[in-house]
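Asker: This is the content of upload.txt (compact mmCIF, C-alpha atoms):
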# COMPACT_ATOMS: atom_id res chain seq x y z
CA MET M 1 12.12 114.63 37.80
CA THR M 2 12.35 115.12 41.55
CA ARG M 3 10.14 113.14 43.89
CA ILE M 4 9.20 114.95 47.09
CA LEU M 5 7.75 113.01 50.03
CA LYS M 6 6.36 114.32 53.32
CA ARG M 7 5.79 112.56 56.61
CA LYS M 8 2.23 112.60 57.95
CA ASP M 9 3.14 114.61 61.03
CA PHE M 10 4.93 117.20 58.88
CA ALA M 11 1.95 117.41 56.50
CA ARG M 12 -0.38 118.09 59.47
CA TRP M 13 1.96 120.80 60.79
CA GLN M 14 2.23 122.29 57.30
CA ALA M 15 -1.56 122.45 56.94
CA ALA M 16 -1.94 124.07 60.37
CA GLU M 17 0.69 126.70 59.48
CA LYS M 18 -0.85 127.24 56.02
CA LEU M 19 2.54 126.69 54.41
CA PRO M 20 1.89 126.04 50.70
CA ASP M 21 3.47 123.16 48.81
CA ALA M 22 4.91 125.74 46.40
CA ALA M 23 7.13 127.07 49.22
CA LEU M 24 8.49 123.58 49.89
CA CYS M 25 9.06 122.98 46.17
CA GLN M 26 11.07 126.21 46.06
CA VAL M 27 13.22 124.96 48.94
CA VAL M 28 13.87 121.71 47.07
CA LYS M 29 14.85 123.62 43.91
CA GLU M 30 17.30 125.70 45.95
CA MET M 31 18.79 122.56 47.47
CA GLU M 32 19.21 121.02 44.02
CA SER M 33 21.16 124.08 42.93
CA GLY M 34 23.45 123.79 45.98
CA VAL M 35 21.93 126.40 48.30
CA ILE M 36 21.83 124.69 51.71
CA ASP M 37 21.92 126.40 55.11
CA ALA M 38 23.63 123.51 56.91
CA ASP M 39 24.66 119.95 56.08
CA LEU M 40 23.92 117.78 59.12
CA GLY M 41 25.37 114.64 57.56
CA THR M 42 23.79 111.37 56.42
CA PHE M 43 21.55 113.05 53.82
CA ARG M 44 20.07 115.51 56.37
CA TYR M 45 20.02 119.27 55.82
CA LYS M 46 18.76 122.37 57.60
CA LYS M 47 17.00 124.84 55.32
CA ARG M 48 14.75 127.87 55.67
CA ALA M 49 11.36 128.01 54.01
CA THR M 50 9.69 131.32 53.24
CA ARG M 51 6.76 132.20 55.49
CA PRO M 52 3.72 133.43 53.49
CA GLY M 53 3.62 137.22 53.79
CA GLY M 54 7.04 137.23 55.42
CA GLY M 55 10.42 136.25 54.19
CA LYS M 56 13.17 133.76 54.77
CA SER M 57 14.64 135.57 57.77
CA GLY M 58 11.28 135.27 59.52
CA GLY M 59 10.48 131.98 57.87
CA TYR M 60 10.42 128.40 59.00
CA ARG M 61 13.56 126.45 59.79
CA THR M 62 13.08 122.94 58.54
CA LEU M 63 15.07 119.75 58.64
CA LEU M 64 15.06 117.97 55.31
CA SER M 65 16.38 114.67 54.13
CA ALA M 66 17.56 114.32 50.56
CA ARG M 67 19.15 111.64 48.49
CA TYR M 68 20.34 112.27 44.97
CA TRP M 69 20.79 109.49 42.43
Rewrite the structure of this file - the entire thing - as structure tokens.
Answerer:
Amino acid sequence: MTRILKRKDFARWQAAEKLPDAALCQVVKEMESGVIDADLGTFRYKKRATRPGGGKSGGYRTLLSARYW
């Protein structure tokens, strides 16, 4: 089971952009399978999230932190 946490400021931005949690969960699933846009080191990654009604190329570029046990 994967635990996904969001910072308060990110959650506010996400709500304002109407980015659904399902889109973020999809990004996490892709990361778990090894699909990462850029490894920034120290458990930080750059990844694109699909924009509703758009696609990944026009989507959001997000910075994510992940730690796998």
Asker: Rounded to one decimal in Å, what is the spacing between atom CA of Ser57 of chain M and atom CA of Asp37 of chain M?
Answerer: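 So the answer is 12.0 Å.
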Asker: Would you place a box with edges along x, y and z of the file around all atoms of segment 10-20 of chain M listed there, add 5 Å to each of its six sides, and report the centre and edge lengths in Å to one decimal, as lines of an AutoDock Vina configuration file?
Answerer:
center_x = 1.5
center_y = 122.2
center_z = 55.7
size_x = 16.9
size_y = 20.0
size_z = 20.1
Asker: If you measure from atom CA of Lys18 of chain M to atom CA of Tyr60 of chain M, what distance in Å do you get, rounded to one decimal?
Answerer: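 So the answer is 11.7 Å.
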Asker: From the list M:Gln14, M:Leu19, M:Gly34, M:Thr2, which residue is nearest Thr50 of chain M when using only C-alpha atoms?
Answerer: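 Looking only at the distances to Thr50 of chain M, the closest residue turns out to be M:Leu19.
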Asker: One decimal, Å: what's the distance from atom CA of Gly41 of chain M over to atom CA of Glu17 of chain M, could you say?
Answerer: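 Going from atom CA of Gly41 of chain M over to atom CA of Glu17 of chain M, I get 27.5 Å.
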Asker: Between M:Pro20, M:Ile36, M:Phe43, M:Val27, which is the closest to Ser65 of chain M once you count all atoms listed in the file?
Answerer: M:Phe43
Asker: For a quick check of understanding, using all atoms listed in the file, which of M:Leu40, M:Val28, M:Gly54, M:Leu64 has the smallest distance to Arg7 of chain M?
Answerer: M:Leu64
Asker: Can you pull out the residues contacting Lys6 of chain M? Cut-off 12 Å, using all atoms listed in the file, and skip same-chain residues under 2 positions away; I want them as a compact mmCIF listing (two decimals) with C-alpha atoms, in the coordinates of the input.
Answerer:
# COMPACT_ATOMS: atom_id res chain seq x y z
CA ARG M 3 10.14 113.14 43.89
CA ILE M 4 9.20 114.95 47.09
CA LYS M 8 2.23 112.60 57.95
CA ASP M 9 3.14 114.61 61.03
CA PHE M 10 4.93 117.20 58.88
CA ALA M 11 1.95 117.41 56.50
CA ARG M 12 -0.38 118.09 59.47
CA TRP M 13 1.96 120.80 60.79
CA GLN M 14 2.23 122.29 57.30
CA ALA M 15 -1.56 122.45 56.94
CA ASP M 21 3.47 123.16 48.81
CA LEU M 24 8.49 123.58 49.89
CA CYS M 25 9.06 122.98 46.17
CA LEU M 63 15.07 119.75 58.64
CA LEU M 64 15.06 117.97 55.31
CA SER M 65 16.38 114.67 54.13
CA ALA M 66 17.56 114.32 50.56
Asker: Pick the closest to Arg51 of chain M from M:Arg67, M:Ser33, M:Ala22, M:Asp39: which is it, counting only C-alpha atoms?
Answerer: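 Using only C-alpha atoms, Arg51 of chain M sits closest to M:Ala22.
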Asker: Generate N, CA, C and O atoms for segment 11-37 of chain M and emit them as a tab-separated table (two decimals), in the coordinates of the input.
Answerer:
chain	number	residue	atom	x	y	z
M	11	ALA	N	3.07	116.93	57.33
M	11	ALA	CA	1.95	117.41	56.50
M	11	ALA	C	0.87	118.05	57.38
M	11	ALA	O	0.28	119.06	57.00
M	12	ARG	N	0.61	117.49	58.56
M	12	ARG	CA	-0.38	118.09	59.47
M	12	ARG	C	0.10	119.44	59.97
M	12	ARG	O	-0.65	120.41	60.01
M	13	TRP	N	1.40	119.52	60.34
M	13	TRP	CA	1.96	120.80	60.79
M	13	TRP	C	1.89	121.82	59.67
M	13	TRP	O	1.52	122.96	59.89
M	14	GLN	N	2.25	121.40	58.46
M	14	GLN	CA	2.23	122.29	57.30
M	14	GLN	C	0.84	122.85	57.06
M	14	GLN	O	0.66	124.03	56.79
M	15	ALA	N	-0.18	122.00	57.15
M	15	ALA	CA	-1.56	122.45	56.94
M	15	ALA	C	-1.98	123.43	58.03
M	15	ALA	O	-2.62	124.45	57.75
M	16	ALA	N	-1.59	123.17	59.26
M	16	ALA	CA	-1.94	124.07	60.37
M	16	ALA	C	-1.27	125.43	60.21
M	16	ALA	O	-1.85	126.46	60.55
M	17	GLU	N	-0.05	125.45	59.69
M	17	GLU	CA	0.69	126.70	59.48
M	17	GLU	C	0.34	127.39	58.17
M	17	GLU	O	0.80	128.50	57.91
M	18	LYS	N	-0.46	126.72	57.34
M	18	LYS	CA	-0.85	127.24	56.02
M	18	LYS	C	0.37	127.51	55.14
M	18	LYS	O	0.44	128.49	54.41
M	19	LEU	N	1.33	126.62	55.23
M	19	LEU	CA	2.54	126.69	54.41
M	19	LEU	C	2.25	125.97	53.09
M	19	LEU	O	2.00	124.77	53.09
M	20	PRO	N	2.25	126.68	51.98
M	20	PRO	CA	1.89	126.04	50.70
M	20	PRO	C	2.97	125.09	50.18
M	20	PRO	O	4.16	125.24	50.49
M	21	ASP	N	2.54	124.10	49.43
M	21	ASP	CA	3.47	123.16	48.81
M	21	ASP	C	4.46	123.88	47.91
M	21	ASP	O	5.60	123.46	47.78
M	22	ALA	N	4.03	124.98	47.30
M	22	ALA	CA	4.91	125.74	46.40
M	22	ALA	C	6.15	126.23	47.16
M	22	ALA	O	7.25	126.27	46.60
M	23	ALA	N	6.00	126.60	48.42
M	23	ALA	CA	7.13	127.07	49.22
M	23	ALA	C	8.12	125.92	49.44
M	23	ALA	O	9.33	126.12	49.37
M	24	LEU	N	7.61	124.73	49.69
M	24	LEU	CA	8.49	123.58	49.89
M	24	LEU	C	9.17	123.19	48.59
M	24	LEU	O	10.35	122.82	48.58
M	25	CYS	N	8.45	123.28	47.48
M	25	CYS	CA	9.06	122.98	46.17
M	25	CYS	C	10.19	123.96	45.88
M	25	CYS	O	11.21	123.57	45.31
M	26	GLN	N	10.01	125.21	46.25
M	26	GLN	CA	11.07	126.21	46.06
M	26	GLN	C	12.31	125.85	46.88
M	26	GLN	O	13.43	125.98	46.40
M	27	VAL	N	12.10	125.38	48.09
M	27	VAL	CA	13.22	124.96	48.94
M	27	VAL	C	13.97	123.81	48.29
M	27	VAL	O	15.20	123.79	48.25
M	28	VAL	N	13.24	122.85	47.73
M	28	VAL	CA	13.87	121.71	47.07
M	28	VAL	C	14.67	122.17	45.85
M	28	VAL	O	15.79	121.72	45.62
M	29	LYS	N	14.13	123.10	45.08
M	29	LYS	CA	14.85	123.62	43.91
M	29	LYS	C	16.15	124.29	44.34
M	29	LYS	O	17.18	124.14	43.70
M	30	GLU	N	16.09	125.05	45.45
M	30	GLU	CA	17.30	125.70	45.95
M	30	GLU	C	18.33	124.67	46.38
M	30	GLU	O	19.52	124.82	46.11
M	31	MET	N	17.88	123.61	47.03
M	31	MET	CA	18.79	122.56	47.47
M	31	MET	C	19.44	121.88	46.27
M	31	MET	O	20.63	121.58	46.29
M	32	GLU	N	18.67	121.64	45.23
M	32	GLU	CA	19.21	121.02	44.02
M	32	GLU	C	20.29	121.87	43.37
M	32	GLU	O	21.22	121.35	42.77
M	33	SER	N	20.17	123.19	43.52
M	33	SER	CA	21.16	124.08	42.93
M	33	SER	C	22.33	124.34	43.89
M	33	SER	O	23.21	125.15	43.59
M	34	GLY	N	22.33	123.69	45.06
M	34	GLY	CA	23.45	123.79	45.98
M	34	GLY	C	23.30	124.78	47.11
M	34	GLY	O	24.23	124.97	47.88
M	35	VAL	N	22.16	125.42	47.23
M	35	VAL	CA	21.93	126.40	48.30
M	35	VAL	C	21.36	125.67	49.51
M	35	VAL	O	20.19	125.31	49.55
M	36	ILE	N	22.23	125.42	50.50
M	36	ILE	CA	21.83	124.69	51.71
M	36	ILE	C	22.34	125.47	52.90
M	36	ILE	O	23.48	125.93	52.91
M	37	ASP	N	21.50	125.64	53.92
M	37	ASP	CA	21.92	126.40	55.11
M	37	ASP	C	22.94	125.62	55.94
M	37	ASP	O	23.92	126.18	56.40
